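Next comes protein-v6.cif, with mmCIF, N, CA and C atoms.
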data_protein
loop_
_atom_site.label_atom_id
_atom_site.label_comp_id
_atom_site.auth_asym_id
_atom_site.auth_seq_id
_atom_site.Cartn_x
_atom_site.Cartn_y
_atom_site.Cartn_z
N MET G 401 0.84 -1.18 0.00
CA MET G 401 0.00 0.00 0.00
C MET G 401 0.88 1.24 0.00
N GLU G 402 0.39 2.27 -0.67
CA GLU G 402 1.15 3.51 -0.79
C GLU G 402 0.42 4.66 -0.11
N ILE G 403 1.18 5.56 0.49
CA ILE G 403 0.61 6.74 1.12
C ILE G 403 0.17 7.71 0.03
N ILE G 404 -1.08 8.12 0.09
CA ILE G 404 -1.57 9.10 -0.88
C ILE G 404 -1.95 10.42 -0.22
N TYR G 405 -2.02 10.43 1.11
CA TYR G 405 -2.45 11.66 1.79
C TYR G 405 -1.90 11.68 3.21
N ARG G 406 -1.35 12.82 3.60
CA ARG G 406 -0.93 13.05 4.98
C ARG G 406 -1.91 14.05 5.57
N ALA G 407 -2.69 13.60 6.53
CA ALA G 407 -3.77 14.40 7.08
C ALA G 407 -3.29 15.28 8.21
N LYS G 408 -4.02 16.39 8.43
CA LYS G 408 -3.67 17.27 9.55
C LYS G 408 -4.06 16.65 10.88
N ASP G 409 -5.08 15.78 10.87
CA ASP G 409 -5.49 15.05 12.06
C ASP G 409 -6.26 13.81 11.63
N PHE G 410 -6.61 12.96 12.59
CA PHE G 410 -7.24 11.69 12.21
C PHE G 410 -8.66 11.88 11.68
N ALA G 411 -9.35 12.95 12.10
CA ALA G 411 -10.69 13.20 11.56
C ALA G 411 -10.61 13.51 10.07
N ASP G 412 -9.65 14.33 9.70
CA ASP G 412 -9.45 14.67 8.29
C ASP G 412 -9.14 13.41 7.48
N ALA G 413 -8.33 12.54 8.03
CA ALA G 413 -7.98 11.30 7.33
C ALA G 413 -9.21 10.41 7.13
N HIS G 414 -10.04 10.33 8.13
CA HIS G 414 -11.23 9.47 8.01
C HIS G 414 -12.27 10.07 7.07
N ILE G 415 -12.34 11.38 7.00
CA ILE G 415 -13.25 12.01 6.02
C ILE G 415 -12.80 11.63 4.61
N LEU G 416 -11.51 11.77 4.34
CA LEU G 416 -11.00 11.39 3.02
C LEU G 416 -11.18 9.90 2.77
N ALA G 417 -10.96 9.08 3.78
CA ALA G 417 -11.15 7.63 3.62
C ALA G 417 -12.60 7.34 3.24
N GLY G 418 -13.54 8.07 3.80
CA GLY G 418 -14.94 7.91 3.42
C GLY G 418 -15.18 8.28 1.97
N TYR G 419 -14.54 9.37 1.52
CA TYR G 419 -14.64 9.76 0.10
C TYR G 419 -14.13 8.63 -0.79
N LEU G 420 -12.98 8.07 -0.42
CA LEU G 420 -12.38 7.02 -1.23
C LEU G 420 -13.25 5.78 -1.27
N ARG G 421 -13.74 5.37 -0.11
CA ARG G 421 -14.59 4.17 -0.04
C ARG G 421 -15.89 4.36 -0.79
N ALA G 422 -16.44 5.58 -0.76
CA ALA G 422 -17.68 5.85 -1.49
C ALA G 422 -17.47 5.73 -2.99
N ARG G 423 -16.24 5.87 -3.44
CA ARG G 423 -15.93 5.74 -4.85
C ARG G 423 -15.35 4.37 -5.19
N GLY G 424 -15.50 3.43 -4.27
CA GLY G 424 -15.10 2.05 -4.53
C GLY G 424 -13.63 1.75 -4.34
N LEU G 425 -12.91 2.62 -3.66
CA LEU G 425 -11.47 2.40 -3.44
C LEU G 425 -11.24 1.96 -2.00
N GLU G 426 -10.59 0.83 -1.83
CA GLU G 426 -10.24 0.37 -0.50
C GLU G 426 -9.05 1.18 0.00
N CYS G 427 -9.09 1.54 1.27
CA CYS G 427 -8.00 2.33 1.83
C CYS G 427 -7.79 1.97 3.29
N HIS G 428 -6.69 2.47 3.84
CA HIS G 428 -6.34 2.23 5.24
C HIS G 428 -5.86 3.53 5.84
N VAL G 429 -6.38 3.87 7.02
CA VAL G 429 -5.92 5.05 7.74
C VAL G 429 -4.97 4.57 8.82
N GLY G 430 -3.77 5.12 8.82
CA GLY G 430 -2.77 4.72 9.80
C GLY G 430 -2.23 5.92 10.56
N GLY G 431 -1.65 5.64 11.72
CA GLY G 431 -1.04 6.70 12.52
C GLY G 431 -1.92 7.25 13.62
N HIS G 432 -3.06 6.61 13.89
CA HIS G 432 -3.95 7.09 14.95
C HIS G 432 -3.22 7.25 16.28
N TYR G 433 -2.52 6.20 16.64
CA TYR G 433 -1.94 6.14 17.97
C TYR G 433 -0.70 7.02 18.11
N LEU G 434 -0.07 7.34 17.01
CA LEU G 434 1.07 8.25 17.07
C LEU G 434 0.62 9.64 17.48
N GLN G 435 -0.53 10.06 16.96
CA GLN G 435 -1.04 11.38 17.28
C GLN G 435 -1.45 11.47 18.74
N GLY G 436 -2.09 10.42 19.26
CA GLY G 436 -2.52 10.43 20.65
C GLY G 436 -1.37 10.41 21.63
N GLY G 437 -0.24 9.88 21.21
CA GLY G 437 0.93 9.81 22.09
C GLY G 437 1.50 11.18 22.41
N LEU G 438 1.15 12.18 21.63
CA LEU G 438 1.67 13.52 21.88
C LEU G 438 0.75 14.35 22.75
N GLY G 439 -0.35 13.79 23.17
CA GLY G 439 -1.26 14.49 24.07
C GLY G 439 -1.94 15.66 23.42
N GLU G 440 -1.91 16.81 24.09
CA GLU G 440 -2.62 18.00 23.62
C GLU G 440 -1.86 18.80 22.57
N LEU G 441 -0.66 18.38 22.22
CA LEU G 441 0.09 19.09 21.21
C LEU G 441 -0.58 18.95 19.85
N GLY G 442 -0.55 19.98 19.07
CA GLY G 442 -1.18 19.95 17.76
C GLY G 442 -0.28 19.31 16.71
N ALA G 443 -0.08 18.03 16.81
CA ALA G 443 0.79 17.32 15.87
C ALA G 443 0.10 17.16 14.52
N THR G 444 0.86 17.29 13.46
CA THR G 444 0.30 17.12 12.13
C THR G 444 1.14 16.12 11.34
N ASP G 445 0.59 15.66 10.24
CA ASP G 445 1.28 14.76 9.32
C ASP G 445 1.62 13.39 9.91
N LEU G 446 0.99 13.04 11.01
CA LEU G 446 1.24 11.71 11.57
C LEU G 446 0.23 10.69 11.05
N THR G 447 -0.95 11.16 10.71
CA THR G 447 -2.00 10.27 10.23
C THR G 447 -1.96 10.26 8.70
N VAL G 448 -1.92 9.08 8.13
CA VAL G 448 -1.83 8.95 6.68
C VAL G 448 -2.94 8.06 6.15
N VAL G 449 -3.25 8.24 4.87
CA VAL G 449 -4.21 7.39 4.17
C VAL G 449 -3.44 6.64 3.10
N ARG G 450 -3.63 5.34 3.07
CA ARG G 450 -2.93 4.48 2.11
C ARG G 450 -3.93 3.75 1.23
N VAL G 451 -3.53 3.52 -0.01
CA VAL G 451 -4.33 2.70 -0.94
C VAL G 451 -3.41 1.69 -1.61
N ALA G 452 -4.00 0.69 -2.23
CA ALA G 452 -3.23 -0.32 -2.97
C ALA G 452 -2.54 0.34 -4.16
N ALA G 453 -1.41 -0.21 -4.56
CA ALA G 453 -0.61 0.38 -5.63
C ALA G 453 -1.40 0.56 -6.92
N GLN G 454 -2.28 -0.38 -7.25
CA GLN G 454 -3.04 -0.26 -8.51
C GLN G 454 -4.12 0.83 -8.45
N ASP G 455 -4.44 1.32 -7.25
CA ASP G 455 -5.48 2.34 -7.11
C ASP G 455 -4.93 3.75 -6.91
N VAL G 456 -3.61 3.91 -6.96
CA VAL G 456 -3.00 5.19 -6.65
C VAL G 456 -3.49 6.30 -7.58
N ALA G 457 -3.53 6.06 -8.87
CA ALA G 457 -3.93 7.11 -9.83
C ALA G 457 -5.35 7.59 -9.56
N ARG G 458 -6.28 6.65 -9.41
CA ARG G 458 -7.67 7.03 -9.13
C ARG G 458 -7.79 7.72 -7.79
N ALA G 459 -7.05 7.23 -6.79
CA ALA G 459 -7.11 7.81 -5.45
C ALA G 459 -6.58 9.23 -5.44
N ARG G 460 -5.53 9.50 -6.22
CA ARG G 460 -4.99 10.87 -6.27
C ARG G 460 -6.01 11.84 -6.86
N GLU G 461 -6.81 11.39 -7.81
CA GLU G 461 -7.87 12.23 -8.36
C GLU G 461 -8.90 12.57 -7.28
N VAL G 462 -9.25 11.57 -6.48
CA VAL G 462 -10.21 11.81 -5.39
C VAL G 462 -9.62 12.77 -4.37
N VAL G 463 -8.33 12.60 -4.05
CA VAL G 463 -7.66 13.49 -3.10
C VAL G 463 -7.67 14.92 -3.63
N GLU G 464 -7.38 15.07 -4.91
CA GLU G 464 -7.39 16.40 -5.53
C GLU G 464 -8.78 17.05 -5.40
N SER G 465 -9.80 16.28 -5.69
CA SER G 465 -11.17 16.76 -5.58
C SER G 465 -11.50 17.15 -4.14
N TYR G 466 -11.08 16.31 -3.19
CA TYR G 466 -11.31 16.57 -1.77
C TYR G 466 -10.62 17.85 -1.33
N GLU G 467 -9.35 18.00 -1.70
CA GLU G 467 -8.60 19.20 -1.30
C GLU G 467 -9.21 20.46 -1.91
N GLN G 468 -9.67 20.37 -3.15
CA GLN G 468 -10.28 21.52 -3.79
C GLN G 468 -11.59 21.89 -3.08
N SER G 469 -12.35 20.89 -2.65
CA SER G 469 -13.61 21.19 -1.94
C SER G 469 -13.33 21.84 -0.60
N GLN G 470 -12.17 21.60 -0.02
CA GLN G 470 -11.81 22.22 1.25
C GLN G 470 -11.40 23.67 1.06
N ARG G 471 -10.96 24.02 -0.14
CA ARG G 471 -10.50 25.39 -0.42
C ARG G 471 -11.61 26.30 -0.93
N GLU G 472 -12.71 25.73 -1.41
CA GLU G 472 -13.77 26.55 -1.98
C GLU G 472 -14.42 27.42 -0.92
N PRO G 473 -14.77 28.67 -1.29
CA PRO G 473 -15.41 29.54 -0.31
C PRO G 473 -16.81 29.03 0.06
N ALA G 474 -17.27 29.46 1.19
CA ALA G 474 -18.60 29.04 1.66
C ALA G 474 -19.66 29.55 0.71
N THR G 475 -20.71 28.79 0.57
CA THR G 475 -21.82 29.21 -0.28
C THR G 475 -22.60 30.31 0.43
N PRO G 476 -23.35 31.14 -0.30
CA PRO G 476 -24.09 32.22 0.34
C PRO G 476 -25.05 31.73 1.43
N ALA G 477 -25.60 30.55 1.28
CA ALA G 477 -26.51 30.03 2.29
C ALA G 477 -25.79 29.79 3.62
N MET G 478 -24.48 29.54 3.55
CA MET G 478 -23.72 29.25 4.76
C MET G 478 -23.16 30.51 5.40
N THR G 479 -23.26 31.65 4.77
CA THR G 479 -22.66 32.87 5.30
C THR G 479 -23.66 33.75 6.02
N GLY G 480 -24.84 33.23 6.32
CA GLY G 480 -25.86 34.00 7.03
C GLY G 480 -25.44 34.33 8.44
N SER G 481 -26.24 35.11 9.11
CA SER G 481 -25.96 35.52 10.47
C SER G 481 -25.96 34.32 11.40
N PRO G 482 -24.92 34.17 12.21
CA PRO G 482 -24.87 33.05 13.13
C PRO G 482 -25.76 33.24 14.35
N LEU G 483 -26.30 34.43 14.53
CA LEU G 483 -27.14 34.71 15.68
C LEU G 483 -28.57 34.23 15.46
N PRO G 484 -29.21 33.71 16.51
CA PRO G 484 -30.60 33.30 16.36
C PRO G 484 -31.51 34.52 16.24
N SER G 485 -32.70 34.30 15.73
CA SER G 485 -33.62 35.43 15.56
C SER G 485 -34.06 35.94 16.93
N PRO G 486 -34.34 37.23 17.05
CA PRO G 486 -34.78 37.80 18.33
C PRO G 486 -36.06 37.13 18.85
N LEU G 487 -36.95 36.73 17.94
CA LEU G 487 -38.18 36.07 18.36
C LEU G 487 -37.88 34.74 19.05
N LEU G 488 -36.93 34.00 18.55
CA LEU G 488 -36.54 32.74 19.16
C LEU G 488 -35.95 32.97 20.55
N VAL G 489 -35.14 33.99 20.68
CA VAL G 489 -34.52 34.30 21.97
C VAL G 489 -35.60 34.65 23.00
N VAL G 490 -36.56 35.46 22.60
CA VAL G 490 -37.64 35.85 23.51
C VAL G 490 -38.47 34.63 23.89
N ALA G 491 -38.78 33.77 22.93
CA ALA G 491 -39.57 32.58 23.20
C ALA G 491 -38.85 31.65 24.18
N LEU G 492 -37.56 31.46 23.98
CA LEU G 492 -36.78 30.62 24.89
C LEU G 492 -36.73 31.21 26.29
N PHE G 493 -36.61 32.53 26.37
CA PHE G 493 -36.60 33.21 27.67
C PHE G 493 -37.92 32.99 28.40
N LEU G 494 -39.04 33.17 27.68
CA LEU G 494 -40.35 33.00 28.31
C LEU G 494 -40.57 31.56 28.77
N VAL G 495 -40.16 30.61 27.97
CA VAL G 495 -40.29 29.20 28.36
C VAL G 495 -39.45 28.93 29.61
N SER G 496 -38.25 29.49 29.66
CA SER G 496 -37.38 29.32 30.83
C SER G 496 -38.02 29.90 32.08
N VAL G 497 -38.61 31.08 31.95
CA VAL G 497 -39.28 31.72 33.08
C VAL G 497 -40.44 30.86 33.56
N LEU G 498 -41.25 30.36 32.64
CA LEU G 498 -42.38 29.51 33.02
C LEU G 498 -41.92 28.24 33.72
N VAL G 499 -40.87 27.65 33.23
CA VAL G 499 -40.34 26.44 33.87
C VAL G 499 -39.87 26.76 35.29
N LEU G 500 -39.15 27.86 35.46
CA LEU G 500 -38.66 28.24 36.78
C LEU G 500 -39.81 28.56 37.74
N VAL G 501 -40.84 29.25 37.26
CA VAL G 501 -41.99 29.59 38.09
C VAL G 501 -42.69 28.31 38.53
N ASN G 502 -42.88 27.36 37.62
CA ASN G 502 -43.52 26.11 37.99
C ASN G 502 -42.65 25.27 38.91
N TRP G 503 -41.36 25.34 38.75
CA TRP G 503 -40.45 24.55 39.55
C TRP G 503 -40.40 25.05 40.99
N PHE G 504 -40.28 26.37 41.16
CA PHE G 504 -40.13 26.95 42.49
C PHE G 504 -41.43 27.51 43.06
N GLY G 505 -42.45 27.63 42.22
CA GLY G 505 -43.67 28.29 42.66
C GLY G 505 -44.61 27.35 43.24
#
Transcribe the structure of this file into structure tokens.
Amino acid sequence: MEIIYRAKDFADAHILAGYLRARGLECHVGGHYLQGGLGELGATDLTVVRVAAQDVARAREVVESYEQSQREPATPAMTGSPLPSPLLVVALFLVSVLVLVNWFG
């Protein structure tokens, strides 16, 4: 098996492994335990994704597609205000007050 991707962390490696498997390519994620051995340090390039030698060309295309999707800007639907609507905030506040009144009242 050959290394086709060095991930920034094990979650990134498993996301790519899912992409590969969804396209019919068998792969292996290695290096999980090396990253955990460093504790809270932000170690990178320890987790790798490997594929069989005959699948390297196809896998590199998938990796390229994956990396490009990570670089694309957010869509307009994703750039909306992260704050909840004022009506929702008021409704949650009123429900909280009612619960507290019933609990202690």
Output the residue selection produced by the PyMOL selection byres ((chain G and resi 457-462) around 8) on the file above, formatted as a PDB file with N, CA and C atoms, in the frame of the given file.
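After the write, selection13.pdb holds the following:
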ATOM      1  N   ILE G 404      -1.080   8.120   0.090  1.00  0.00           N
ATOM      2  CA  ILE G 404      -1.570   9.100  -0.880  1.00  0.00           C
ATOM      3  C   ILE G 404      -1.950  10.420  -0.220  1.00  0.00           C
ATOM      4  N   TYR G 405      -2.020  10.430   1.110  1.00  0.00           N
ATOM      5  CA  TYR G 405      -2.450  11.660   1.790  1.00  0.00           C
ATOM      6  C   TYR G 405      -1.900  11.680   3.210  1.00  0.00           C
ATOM      7  N   LEU G 416     -11.510  11.770   4.340  1.00  0.00           N
ATOM      8  CA  LEU G 416     -11.000  11.390   3.020  1.00  0.00           C
ATOM      9  C   LEU G 416     -11.180   9.900   2.770  1.00  0.00           C
ATOM     10  N   TYR G 419     -14.540   9.370   1.520  1.00  0.00           N
ATOM     11  CA  TYR G 419     -14.640   9.760   0.100  1.00  0.00           C
ATOM     12  C   TYR G 419     -14.130   8.630  -0.790  1.00  0.00           C
ATOM     13  N   LEU G 420     -12.980   8.070  -0.420  1.00  0.00           N
ATOM     14  CA  LEU G 420     -12.380   7.020  -1.230  1.00  0.00           C
ATOM     15  C   LEU G 420     -13.250   5.780  -1.270  1.00  0.00           C
ATOM     16  N   LEU G 425     -12.910   2.620  -3.660  1.00  0.00           N
ATOM     17  CA  LEU G 425     -11.470   2.400  -3.440  1.00  0.00           C
ATOM     18  C   LEU G 425     -11.240   1.960  -2.000  1.00  0.00           C
ATOM     19  N   VAL G 451      -3.530   3.520  -0.010  1.00  0.00           N
ATOM     20  CA  VAL G 451      -4.330   2.700  -0.940  1.00  0.00           C
ATOM     21  C   VAL G 451      -3.410   1.690  -1.610  1.00  0.00           C
ATOM     22  N   ALA G 452      -4.000   0.690  -2.230  1.00  0.00           N
ATOM     23  CA  ALA G 452      -3.230  -0.320  -2.970  1.00  0.00           C
ATOM     24  C   ALA G 452      -2.540   0.340  -4.160  1.00  0.00           C
ATOM     25  N   ALA G 453      -1.410  -0.210  -4.560  1.00  0.00           N
ATOM     26  CA  ALA G 453      -0.610   0.380  -5.630  1.00  0.00           C
ATOM     27  C   ALA G 453      -1.400   0.560  -6.920  1.00  0.00           C
ATOM     28  N   GLN G 454      -2.280  -0.380  -7.250  1.00  0.00           N
ATOM     29  CA  GLN G 454      -3.040  -0.260  -8.510  1.00  0.00           C
ATOM     30  C   GLN G 454      -4.120   0.830  -8.450  1.00  0.00           C
ATOM     31  N   ASP G 455      -4.440   1.320  -7.250  1.00  0.00           N
ATOM     32  CA  ASP G 455      -5.480   2.340  -7.110  1.00  0.00           C
ATOM     33  C   ASP G 455      -4.930   3.750  -6.910  1.00  0.00           C
ATOM     34  N   VAL G 456      -3.610   3.910  -6.960  1.00  0.00           N
ATOM     35  CA  VAL G 456      -3.000   5.190  -6.650  1.00  0.00           C
ATOM     36  C   VAL G 456      -3.490   6.300  -7.580  1.00  0.00           C
ATOM     37  N   VAL G 463      -8.330  12.600  -4.050  1.00  0.00           N
ATOM     38  CA  VAL G 463      -7.660  13.490  -3.100  1.00  0.00           C
ATOM     39  C   VAL G 463      -7.670  14.920  -3.630  1.00  0.00           C
ATOM     40  N   GLU G 464      -7.380  15.070  -4.910  1.00  0.00           N
ATOM     41  CA  GLU G 464      -7.390  16.400  -5.530  1.00  0.00           C
ATOM     42  C   GLU G 464      -8.780  17.050  -5.400  1.00  0.00           C
ATOM     43  N   SER G 465      -9.800  16.280  -5.690  1.00  0.00           N
ATOM     44  CA  SER G 465     -11.170  16.760  -5.580  1.00  0.00           C
ATOM     45  C   SER G 465     -11.500  17.150  -4.140  1.00  0.00           C
ATOM     46  N   TYR G 466     -11.080  16.310  -3.190  1.00  0.00           N
ATOM     47  CA  TYR G 466     -11.310  16.570  -1.770  1.00  0.00           C
ATOM     48  C   TYR G 466     -10.620  17.850  -1.330  1.00  0.00           C
ATOM     49  N   GLU G 467      -9.350  18.000  -1.700  1.00  0.00           N
ATOM     50  CA  GLU G 467      -8.600  19.200  -1.300  1.00  0.00           C
ATOM     51  C   GLU G 467      -9.210  20.460  -1.910  1.00  0.00           C
ATOM     52  N   GLN G 468      -9.670  20.370  -3.150  1.00  0.00           N
ATOM     53  CA  GLN G 468     -10.280  21.520  -3.790  1.00  0.00           C
ATOM     54  C   GLN G 468     -11.590  21.890  -3.080  1.00  0.00           C
TER      55      GLN G 468
END
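Between atom CA of Leu500 of chain G and atom N of Leu483 of chain G lies a distance of 26.2 Å.
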Report as JSON the centre and the edge lengths, in Å to one decimal, of the axis-aligned box holding every listed atom of segment 454-465 of chain G, padded by 8 Å on each side.
{"center_x": -6.9, "center_y": 8.4, "center_z": -6.5, "size_x": 25.2, "size_y": 33.5, "size_z": 22.7}
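The interatomic distance for the pair atom C of Asp409 of chain G and atom CA of Thr447 of chain G works out to 5.7 Å.
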